[in-house]
Amino acid sequence: MKRSEGMKLSPAPDIVVGVKVLVTGGTGYIGSHTCLRLVEEGHEVVVVDNVSNSSIESIKRVSQLTDTHIDVLEGDVRSKTRIDAVIAETSPEAVIHFAGLKSVAESVRFPDKYYETNLGGTLNVARAALQGNVAVVLFSSSATVYGESASMPVDEGAATEPTNPYGRSKLYAESVLRDLNAANPALSVGVLRYFNPVGAHPSGVIGEDPRGTPANLMPYVARVAAGTYPELSVYGDDYSTADGTGIRDYIHVMDLADAHVKVMEYKAENSGFETWNVGRGSGVSVLEMVSRFQEVTGKSVPTKIVPRRAGDVAVSFANVSRIARDIGWSAKYELDDMVADLWHWQSQNPEGYE
Ligand SMILES: NC(=O)c1ccc[n+]([C@@H]2O[C@H](COP(=O)([O-])OP(=O)(O)OC[C@H]3O[C@@H](n4cnc5c(N)ncnc54)[C@H](O)[C@@H]3O)[C@@H](O)[C@H]2O)c1
């Protein structure tokens, strides 16, 4: 389906099948799990990635798990020429745009890099999508766009006032997409503001394998449990929370992947620009998360308290009623599933994909 052919993808109003989806950043953590769910739901997937924080092995494994070949094209979203060529070559009906950088701390040190990739890259992808007559664009945004003063659980109407360049790069990219949709209403845009994805496919065959030191809590926890690092640094125990550590809304990556499929199918039939929180709707502290991990896996995770990290907020968890109402999606996996699946992946793949 192309935009000019109308927004309905199938004869039956509630069944959207066989969409050709270009997944930017598809070899990465959330992207690879989403590719798997897309293929499972009968969609056709092509990936473009510069593999700066990932490995093509992830998609080879998705291909094995689904018994379906998935093409991976080399490409950098910072190159408009390359992204134009990829869209011209693949003619996708939908684009799910994951490619981006995600470390708050790194964004404080190198804001230009974050604006170039997350903002500039999104502009390139969106313009190429318009030029290529793509019907649907989904964008990976973040709870980081809300900032400190939002009351929790935060809903999509809350003020956006990110406290760091990463969050601002995501917020500005959302604005670009909103404006492009306003000027080109036939391009259906869905923005997903993720809370904290954790875990791995229950098979343990694919999971999170960031290059270098993980910037997120749980992959670091898993590597401490595996003996790669001696201890976990907990950034601040003086927040105004019950145990003093930061509170986040952790969501199983398979739930998040599933949300993308459902939102993509919904957007194929509904035009406009829409934003959804994607989380579980409950907050868990860093120390609670570490203790769940230790209980479920039986592995020890020594911790040490270090000063707060620039740009971190004390508490962040989602109001998830909008995505439940509009899409009929809600998270299914529990915290214990997240830590068990994370450990399953880590223990089966001590060196990640290498
Ligand atoms: N994981 C999280 O906690 C989280 C939370 C909120 C939002 N997000 C966003 O979701 C998206 C996916 O995150 P993830 O956790 O899967 O991260 P990831 O690093 O595993 O995946 C990102 C992918 O994008 C690719 N990439 C990076 N720069 C690129 C470029 N210039 N051109 C082409 N490809 C490029 C990487 O190689 C990687 O495969 C990112 O945009 C991230 O900002 C992630």
# chains A, B, ... in the order shown; residues from 1 in each chain; ligands from 1
$ closest_atom_pairs --of "chain A" --to "ligand 1" --cutoff "8 Å" --atoms "only C-alpha atoms and all ligand atoms" --output "tab-separated table"
residue	atom	partner	partner_atom_place_in_ligand_line	distance
A:Thr24	CA	ligand 1	34 (N)	6.3
A:Gly25	CA	ligand 1	24 (O)	3.5
A:Gly26	CA	ligand 1	39 (O)	5.8
A:Thr27	CA	ligand 1	39 (O)	4.5
A:Gly28	CA	ligand 1	39 (O)	3.3
A:Tyr29	CA	ligand 1	16 (O)	3.7
A:Ile30	CA	ligand 1	16 (O)	3.8
A:Gly31	CA	ligand 1	16 (O)	5.4
A:Ser32	CA	ligand 1	16 (O)	7.6
A:Val48	CA	ligand 1	33 (C)	6.7
A:Asp49	CA	ligand 1	34 (N)	3.9
A:Asn50	CA	ligand 1	33 (C)	4.2
A:Val51	CA	ligand 1	37 (O)	3.5
A:Ser52	CA	ligand 1	37 (O)	3.9
A:Asn53	CA	ligand 1	37 (O)	3.9
A:Ser54	CA	ligand 1	39 (O)	4.5
A:Ser55	CA	ligand 1	39 (O)	7.1
A:Glu74	CA	ligand 1	33 (C)	8.0
A:Gly75	CA	ligand 1	33 (C)	5.7
A:Asp76	CA	ligand 1	32 (N)	3.4
A:Val77	CA	ligand 1	32 (N)	4.0
A:Arg78	CA	ligand 1	31 (N)	5.3
A:His97	CA	ligand 1	41 (O)	7.3
A:Phe98	CA	ligand 1	11 (C)	4.2
A:Ala99	CA	ligand 1	24 (O)	3.3
A:Gly100	CA	ligand 1	41 (O)	3.9
A:Leu101	CA	ligand 1	43 (O)	5.1
A:Lys102	CA	ligand 1	43 (O)	4.0
A:Ser103	CA	ligand 1	43 (O)	7.7
A:Thr117	CA	ligand 1	31 (N)	5.3
A:Asn118	CA	ligand 1	41 (O)	7.0
A:Gly121	CA	ligand 1	31 (N)	6.7
A:Phe139	CA	ligand 1	41 (O)	7.9
A:Ser140	CA	ligand 1	10 (O)	4.7
A:Ser141	CA	ligand 1	7 (C)	5.1
A:Ser142	CA	ligand 1	6 (C)	4.0
A:Ala143	CA	ligand 1	6 (C)	6.5
A:Thr144	CA	ligand 1	6 (C)	7.5
A:Tyr166	CA	ligand 1	43 (O)	7.9
A:Lys170	CA	ligand 1	43 (O)	7.6
A:Arg193	CA	ligand 1	6 (C)	6.6
A:Tyr194	CA	ligand 1	6 (C)	4.6
A:Phe195	CA	ligand 1	5 (C)	5.8
A:Asn196	CA	ligand 1	3 (O)	4.9
A:Pro197	CA	ligand 1	3 (O)	5.3
A:Val198	CA	ligand 1	3 (O)	7.8
A:Glu208	CA	ligand 1	20 (O)	6.7
A:Asp209	CA	ligand 1	20 (O)	7.1
A:Pro210	CA	ligand 1	20 (O)	6.0
A:Asn216	CA	ligand 1	3 (O)	6.6
$ write_last_selection --atoms "N, CA and C atoms" --output "compact mmCIF listing (two decimals), in the first residue's frame"
# COMPACT_ATOMS: atom_id res chain seq x y z
N THR A 24 14.63 0.96 10.66
CA THR A 24 15.95 1.56 10.85
C THR A 24 16.44 1.16 12.24
N GLY A 25 17.72 0.86 12.37
CA GLY A 25 18.24 0.42 13.68
C GLY A 25 17.72 -0.95 14.05
N GLY A 26 17.34 -1.73 13.05
CA GLY A 26 16.69 -3.02 13.30
C GLY A 26 17.61 -4.11 13.84
N THR A 27 18.93 -3.92 13.75
CA THR A 27 19.81 -4.94 14.34
C THR A 27 20.01 -4.68 15.84
N GLY A 28 19.53 -3.53 16.33
CA GLY A 28 19.71 -3.18 17.74
C GLY A 28 18.75 -3.95 18.65
N TYR A 29 18.78 -3.56 19.89
CA TYR A 29 18.05 -4.30 20.93
C TYR A 29 16.54 -4.32 20.67
N ILE A 30 15.90 -3.17 20.70
CA ILE A 30 14.44 -3.16 20.55
C ILE A 30 14.07 -3.50 19.11
N GLY A 31 14.89 -3.01 18.17
CA GLY A 31 14.62 -3.25 16.75
C GLY A 31 14.59 -4.74 16.41
N SER A 32 15.56 -5.51 16.92
CA SER A 32 15.62 -6.93 16.55
C SER A 32 14.41 -7.69 17.11
N VAL A 48 17.66 -1.41 7.93
CA VAL A 48 18.82 -0.59 7.59
C VAL A 48 19.48 -0.15 8.89
N ASP A 49 20.81 -0.27 8.94
CA ASP A 49 21.53 0.00 10.19
C ASP A 49 22.98 0.30 9.85
N ASN A 50 23.64 1.14 10.67
CA ASN A 50 25.08 1.32 10.47
C ASN A 50 25.89 0.44 11.43
N VAL A 51 25.18 -0.36 12.21
CA VAL A 51 25.77 -1.35 13.12
C VAL A 51 26.78 -0.70 14.08
N SER A 52 26.51 0.56 14.47
CA SER A 52 27.45 1.23 15.38
C SER A 52 27.29 0.76 16.82
N ASN A 53 26.12 0.20 17.14
CA ASN A 53 25.93 -0.28 18.52
C ASN A 53 25.27 -1.66 18.51
N SER A 54 25.57 -2.46 17.52
CA SER A 54 24.83 -3.71 17.36
C SER A 54 25.61 -4.68 16.48
N SER A 55 25.00 -5.81 16.19
CA SER A 55 25.64 -6.81 15.35
C SER A 55 24.59 -7.39 14.41
N GLU A 74 23.28 -1.90 4.75
CA GLU A 74 24.15 -0.99 5.47
C GLU A 74 23.67 0.43 5.17
N GLY A 75 23.55 1.25 6.20
CA GLY A 75 23.14 2.63 5.93
C GLY A 75 23.16 3.44 7.20
N ASP A 76 23.49 4.71 7.04
CA ASP A 76 23.57 5.62 8.19
C ASP A 76 22.48 6.67 8.03
N VAL A 77 21.66 6.83 9.06
CA VAL A 77 20.54 7.78 8.93
C VAL A 77 21.01 9.22 8.84
N ARG A 78 22.29 9.46 9.14
CA ARG A 78 22.81 10.82 8.99
C ARG A 78 23.04 11.17 7.53
N HIS A 97 11.29 3.73 12.91
CA HIS A 97 12.60 4.41 13.01
C HIS A 97 13.19 4.28 14.42
N PHE A 98 14.01 3.24 14.57
CA PHE A 98 14.70 3.02 15.86
C PHE A 98 16.09 3.63 15.87
N ALA A 99 16.72 3.77 14.69
CA ALA A 99 18.16 4.12 14.66
C ALA A 99 18.40 5.40 15.44
N GLY A 100 19.28 5.32 16.41
CA GLY A 100 19.56 6.50 17.21
C GLY A 100 20.51 6.18 18.33
N LEU A 101 20.88 7.22 19.05
CA LEU A 101 21.78 7.08 20.20
C LEU A 101 20.95 7.25 21.46
N LYS A 102 21.36 6.61 22.55
CA LYS A 102 20.43 6.55 23.69
C LYS A 102 21.05 6.77 25.07
N SER A 103 22.28 7.22 25.14
CA SER A 103 22.87 7.40 26.46
C SER A 103 22.72 8.85 26.93
N THR A 117 22.44 12.77 15.07
CA THR A 117 21.87 11.44 14.79
C THR A 117 20.37 11.41 15.08
N ASN A 118 19.98 11.85 16.27
CA ASN A 118 18.57 11.66 16.66
C ASN A 118 17.64 12.66 16.01
N GLY A 121 18.96 12.68 11.85
CA GLY A 121 18.64 11.36 11.29
C GLY A 121 17.14 11.20 11.10
N PHE A 139 8.05 6.35 15.43
CA PHE A 139 9.30 6.91 15.95
C PHE A 139 9.53 6.49 17.40
N SER A 140 10.77 6.07 17.68
CA SER A 140 11.21 5.69 19.03
C SER A 140 11.51 6.94 19.82
N SER A 141 10.56 7.36 20.64
CA SER A 141 10.86 8.46 21.55
C SER A 141 11.05 7.89 22.96
N SER A 142 11.07 8.76 23.93
CA SER A 142 11.50 8.31 25.25
C SER A 142 10.76 9.06 26.34
N ALA A 143 10.61 8.41 27.48
CA ALA A 143 10.04 9.05 28.66
C ALA A 143 10.88 10.24 29.10
N THR A 144 12.13 10.26 28.65
CA THR A 144 13.04 11.36 29.00
C THR A 144 12.50 12.71 28.54
N TYR A 166 19.88 14.35 25.26
CA TYR A 166 19.23 13.18 24.67
C TYR A 166 17.73 13.40 24.60
N LYS A 170 15.18 13.94 21.23
CA LYS A 170 13.97 13.15 20.94
C LYS A 170 12.76 14.07 20.81
N ARG A 193 6.65 6.73 23.21
CA ARG A 193 7.57 7.17 24.27
C ARG A 193 7.80 5.98 25.20
N TYR A 194 8.97 5.36 25.01
CA TYR A 194 9.27 4.16 25.81
C TYR A 194 9.71 4.56 27.20
N PHE A 195 9.35 3.71 28.15
CA PHE A 195 9.91 3.85 29.48
C PHE A 195 11.19 2.99 29.51
N ASN A 196 11.32 1.95 30.31
CA ASN A 196 12.63 1.29 30.39
C ASN A 196 12.59 -0.16 29.94
N PRO A 197 12.91 -0.41 28.67
CA PRO A 197 12.86 -1.78 28.18
C PRO A 197 13.94 -2.67 28.80
N VAL A 198 13.52 -3.87 29.15
CA VAL A 198 14.40 -4.83 29.85
C VAL A 198 14.05 -6.22 29.35
N GLU A 208 19.89 -8.08 24.53
CA GLU A 208 20.55 -6.78 24.45
C GLU A 208 22.06 -6.96 24.52
N ASP A 209 22.77 -6.43 23.52
CA ASP A 209 24.23 -6.59 23.49
C ASP A 209 24.88 -5.29 23.05
N PRO A 210 24.84 -4.26 23.93
CA PRO A 210 25.42 -2.99 23.54
C PRO A 210 26.93 -3.09 23.40
N ASN A 216 22.63 1.41 30.34
CA ASN A 216 21.37 1.14 31.05
C ASN A 216 21.61 0.18 32.21
$ select_by_dssp --residues "region 81-134 of chain A" --states "strand (DSSP E)" --output "PDB file with N, CA and C atoms, in the first residue's frame"
ATOM      1  N   ALA A  94       5.628   1.062   5.448  1.00  0.00           N
ATOM      2  CA  ALA A  94       5.785   1.656   6.781  1.00  0.00           C
ATOM      3  C   ALA A  94       7.266   1.696   7.127  1.00  0.00           C
ATOM      4  N   VAL A  95       7.635   2.705   7.912  1.00  0.00           N
ATOM      5  CA  VAL A  95       9.007   2.784   8.427  1.00  0.00           C
ATOM      6  C   VAL A  95       8.919   2.843   9.944  1.00  0.00           C
ATOM      7  N   ILE A  96       9.655   1.959  10.609  1.00  0.00           N
ATOM      8  CA  ILE A  96       9.781   2.062  12.068  1.00  0.00           C
ATOM      9  C   ILE A  96      11.205   2.537  12.334  1.00  0.00           C
ATOM     10  N   HIS A  97      11.293   3.731  12.908  1.00  0.00           N
ATOM     11  CA  HIS A  97      12.596   4.407  13.005  1.00  0.00           C
ATOM     12  C   HIS A  97      13.188   4.281  14.419  1.00  0.00           C
TER      13      HIS A  97
END
$ select_by_dssp --residues "region 104-170 of chain A" --states "alpha helix (DSSP H)" --output "list in words"
Val104, Ala105, Glu106, Ser107, Val108, Arg109, Pro111, Asp112, Lys113, Tyr114, Gly121, Thr122, Leu123, Asn124, Val125, Ala126, Arg127, Ala128, Ala129, Leu130, Gln131, Pro165, Tyr166, Gly167, Arg168, Ser169 and Lys170 of chain A
$ write_last_selection --atoms "N, CA and C atoms" --output "PDB file, in the first residue's frame"
ATOM      1  N   VAL A 104      21.984   9.022  28.045  1.00  0.00           N
ATOM      2  CA  VAL A 104      21.803  10.362  28.615  1.00  0.00           C
ATOM      3  C   VAL A 104      23.166  10.957  28.953  1.00  0.00           C
ATOM      4  N   ALA A 105      24.014  10.174  29.624  1.00  0.00           N
ATOM      5  CA  ALA A 105      25.313  10.700  30.077  1.00  0.00           C
ATOM      6  C   ALA A 105      26.170  11.112  28.876  1.00  0.00           C
ATOM      7  N   GLU A 106      26.184  10.278  27.841  1.00  0.00           N
ATOM      8  CA  GLU A 106      26.990  10.612  26.664  1.00  0.00           C
ATOM      9  C   GLU A 106      26.446  11.874  25.985  1.00  0.00           C
ATOM     10  N   SER A 107      25.119  12.026  26.018  1.00  0.00           N
ATOM     11  CA  SER A 107      24.520  13.194  25.356  1.00  0.00           C
ATOM     12  C   SER A 107      24.889  14.494  26.061  1.00  0.00           C
ATOM     13  N   VAL A 108      25.154  14.403  27.361  1.00  0.00           N
ATOM     14  CA  VAL A 108      25.562  15.603  28.099  1.00  0.00           C
ATOM     15  C   VAL A 108      26.979  16.000  27.653  1.00  0.00           C
ATOM     16  N   ARG A 109      27.807  15.000  27.364  1.00  0.00           N
ATOM     17  CA  ARG A 109      29.190  15.278  26.941  1.00  0.00           C
ATOM     18  C   ARG A 109      29.276  15.656  25.461  1.00  0.00           C
ATOM     19  N   PRO A 111      26.591  16.691  22.996  1.00  0.00           N
ATOM     20  CA  PRO A 111      25.227  16.994  22.526  1.00  0.00           C
ATOM     21  C   PRO A 111      25.123  17.064  21.003  1.00  0.00           C
ATOM     22  N   ASP A 112      26.170  17.571  20.358  1.00  0.00           N
ATOM     23  CA  ASP A 112      26.117  17.709  18.888  1.00  0.00           C
ATOM     24  C   ASP A 112      25.890  16.368  18.208  1.00  0.00           C
ATOM     25  N   LYS A 113      26.548  15.332  18.757  1.00  0.00           N
ATOM     26  CA  LYS A 113      26.417  13.984  18.196  1.00  0.00           C
ATOM     27  C   LYS A 113      24.954  13.508  18.293  1.00  0.00           C
ATOM     28  N   TYR A 114      24.314  13.851  19.418  1.00  0.00           N
ATOM     29  CA  TYR A 114      22.925  13.428  19.638  1.00  0.00           C
ATOM     30  C   TYR A 114      21.964  14.177  18.722  1.00  0.00           C
ATOM     31  N   GLY A 121      18.965  12.681  11.848  1.00  0.00           N
ATOM     32  CA  GLY A 121      18.639  11.362  11.286  1.00  0.00           C
ATOM     33  C   GLY A 121      17.135  11.200  11.101  1.00  0.00           C
ATOM     34  N   THR A 122      16.366  11.676  12.082  1.00  0.00           N
ATOM     35  CA  THR A 122      14.905  11.555  11.977  1.00  0.00           C
ATOM     36  C   THR A 122      14.379  12.426  10.833  1.00  0.00           C
ATOM     37  N   LEU A 123      14.939  13.619  10.680  1.00  0.00           N
ATOM     38  CA  LEU A 123      14.524  14.481   9.569  1.00  0.00           C
ATOM     39  C   LEU A 123      14.813  13.790   8.235  1.00  0.00           C
ATOM     40  N   ASN A 124      15.997  13.189   8.127  1.00  0.00           N
ATOM     41  CA  ASN A 124      16.332  12.481   6.883  1.00  0.00           C
ATOM     42  C   ASN A 124      15.354  11.342   6.611  1.00  0.00           C
ATOM     43  N   VAL A 125      15.069  10.568   7.642  1.00  0.00           N
ATOM     44  CA  VAL A 125      14.175   9.411   7.467  1.00  0.00           C
ATOM     45  C   VAL A 125      12.767   9.900   7.099  1.00  0.00           C
ATOM     46  N   ALA A 126      12.302  10.940   7.785  1.00  0.00           N
ATOM     47  CA  ALA A 126      10.940  11.424   7.520  1.00  0.00           C
ATOM     48  C   ALA A 126      10.822  11.999   6.116  1.00  0.00           C
ATOM     49  N   ARG A 127      11.826  12.743   5.682  1.00  0.00           N
ATOM     50  CA  ARG A 127      11.759  13.325   4.334  1.00  0.00           C
ATOM     51  C   ARG A 127      11.845  12.234   3.272  1.00  0.00           C
ATOM     52  N   ALA A 128      12.693  11.259   3.522  1.00  0.00           N
ATOM     53  CA  ALA A 128      12.789  10.145   2.566  1.00  0.00           C
ATOM     54  C   ALA A 128      11.464   9.390   2.524  1.00  0.00           C
ATOM     55  N   ALA A 129      10.815   9.251   3.681  1.00  0.00           N
ATOM     56  CA  ALA A 129       9.527   8.546   3.732  1.00  0.00           C
ATOM     57  C   ALA A 129       8.474   9.307   2.931  1.00  0.00           C
ATOM     58  N   LEU A 130       8.473  10.628   3.081  1.00  0.00           N
ATOM     59  CA  LEU A 130       7.519  11.448   2.311  1.00  0.00           C
ATOM     60  C   LEU A 130       7.768  11.311   0.815  1.00  0.00           C
ATOM     61  N   GLN A 131       9.035  11.433   0.471  1.00  0.00           N
ATOM     62  CA  GLN A 131       9.427  11.332  -0.936  1.00  0.00           C
ATOM     63  C   GLN A 131       9.076   9.968  -1.516  1.00  0.00           C
ATOM     64  N   PRO A 165      20.376  16.669  26.825  1.00  0.00           N
ATOM     65  CA  PRO A 165      20.362  16.764  25.356  1.00  0.00           C
ATOM     66  C   PRO A 165      19.722  15.546  24.690  1.00  0.00           C
ATOM     67  N   TYR A 166      19.883  14.354  25.260  1.00  0.00           N
ATOM     68  CA  TYR A 166      19.234  13.175  24.675  1.00  0.00           C
ATOM     69  C   TYR A 166      17.725  13.397  24.597  1.00  0.00           C
ATOM     70  N   GLY A 167      17.133  13.780  25.743  1.00  0.00           N
ATOM     71  CA  GLY A 167      15.687  14.000  25.780  1.00  0.00           C
ATOM     72  C   GLY A 167      15.271  15.103  24.819  1.00  0.00           C
ATOM     73  N   ARG A 168      16.086  16.161  24.743  1.00  0.00           N
ATOM     74  CA  ARG A 168      15.734  17.255  23.824  1.00  0.00           C
ATOM     75  C   ARG A 168      15.842  16.801  22.373  1.00  0.00           C
ATOM     76  N   SER A 169      16.849  15.967  22.074  1.00  0.00           N
ATOM     77  CA  SER A 169      16.972  15.500  20.679  1.00  0.00           C
ATOM     78  C   SER A 169      15.738  14.698  20.284  1.00  0.00           C
ATOM     79  N   LYS A 170      15.184  13.935  21.227  1.00  0.00           N
ATOM     80  CA  LYS A 170      13.975  13.147  20.943  1.00  0.00           C
ATOM     81  C   LYS A 170      12.756  14.070  20.807  1.00  0.00           C
TER      82      LYS A 170
END
$ closest_residue --among "A:Val145, A:Ile56, A:Ala314, A:Ala331" --to "Glu161 (chain A)" --atoms "only C-alpha atoms"
A:Val145
$ residues_around --residues "Ala150 (chain A)" --least-positions-apart "5" --cutoff "9 Å" --atoms "only C-alpha atoms" --output "list in words"
Asp155, Ala158, Ala159, Thr160, Glu161 and Ser316 of chain A
$ write_last_selection --atoms "N, CA and C atoms" --output "PDB file, in the first residue's frame"
ATOM      1  N   ASP A 155       1.178  11.328  31.981  1.00  0.00           N
ATOM      2  CA  ASP A 155       0.442  11.017  30.751  1.00  0.00           C
ATOM      3  C   ASP A 155       0.973  11.861  29.596  1.00  0.00           C
ATOM      4  N   ALA A 158       1.256  15.725  29.530  1.00  0.00           N
ATOM      5  CA  ALA A 158       2.104  16.447  30.488  1.00  0.00           C
ATOM      6  C   ALA A 158       3.091  17.335  29.739  1.00  0.00           C
ATOM      7  N   ALA A 159       3.553  18.371  30.452  1.00  0.00           N
ATOM      8  CA  ALA A 159       4.537  19.276  29.846  1.00  0.00           C
ATOM      9  C   ALA A 159       5.797  18.501  29.488  1.00  0.00           C
ATOM     10  N   THR A 160       6.380  18.858  28.354  1.00  0.00           N
ATOM     11  CA  THR A 160       7.647  18.226  27.964  1.00  0.00           C
ATOM     12  C   THR A 160       8.768  19.206  28.269  1.00  0.00           C
ATOM     13  N   GLU A 161       9.626  18.810  29.180  1.00  0.00           N
ATOM     14  CA  GLU A 161      10.765  19.669  29.533  1.00  0.00           C
ATOM     15  C   GLU A 161      11.955  18.792  29.890  1.00  0.00           C
ATOM     16  N   SER A 316      10.171   8.172  37.374  1.00  0.00           N
ATOM     17  CA  SER A 316       9.533   8.220  36.060  1.00  0.00           C
ATOM     18  C   SER A 316       8.734   6.936  35.851  1.00  0.00           C
TER      19      SER A 316
END
$ closest_residue --among "A:Val154, A:Val320, A:Val191, A:Ile83" --to "Leu171 (chain A)" --atoms "only C-alpha atoms"
A:Val191
$ residues_around --residues "Gly42 (chain A)" --least-positions-apart "5" --cutoff "8 Å" --atoms "only C-alpha atoms" --output "PyMOL selection string"
chain A and resi 17-19
$ atom_distance --atom1 "CA of Pro92 (chain A)" --atom2 "CA of Ile70 (chain A)"
13.7 Å
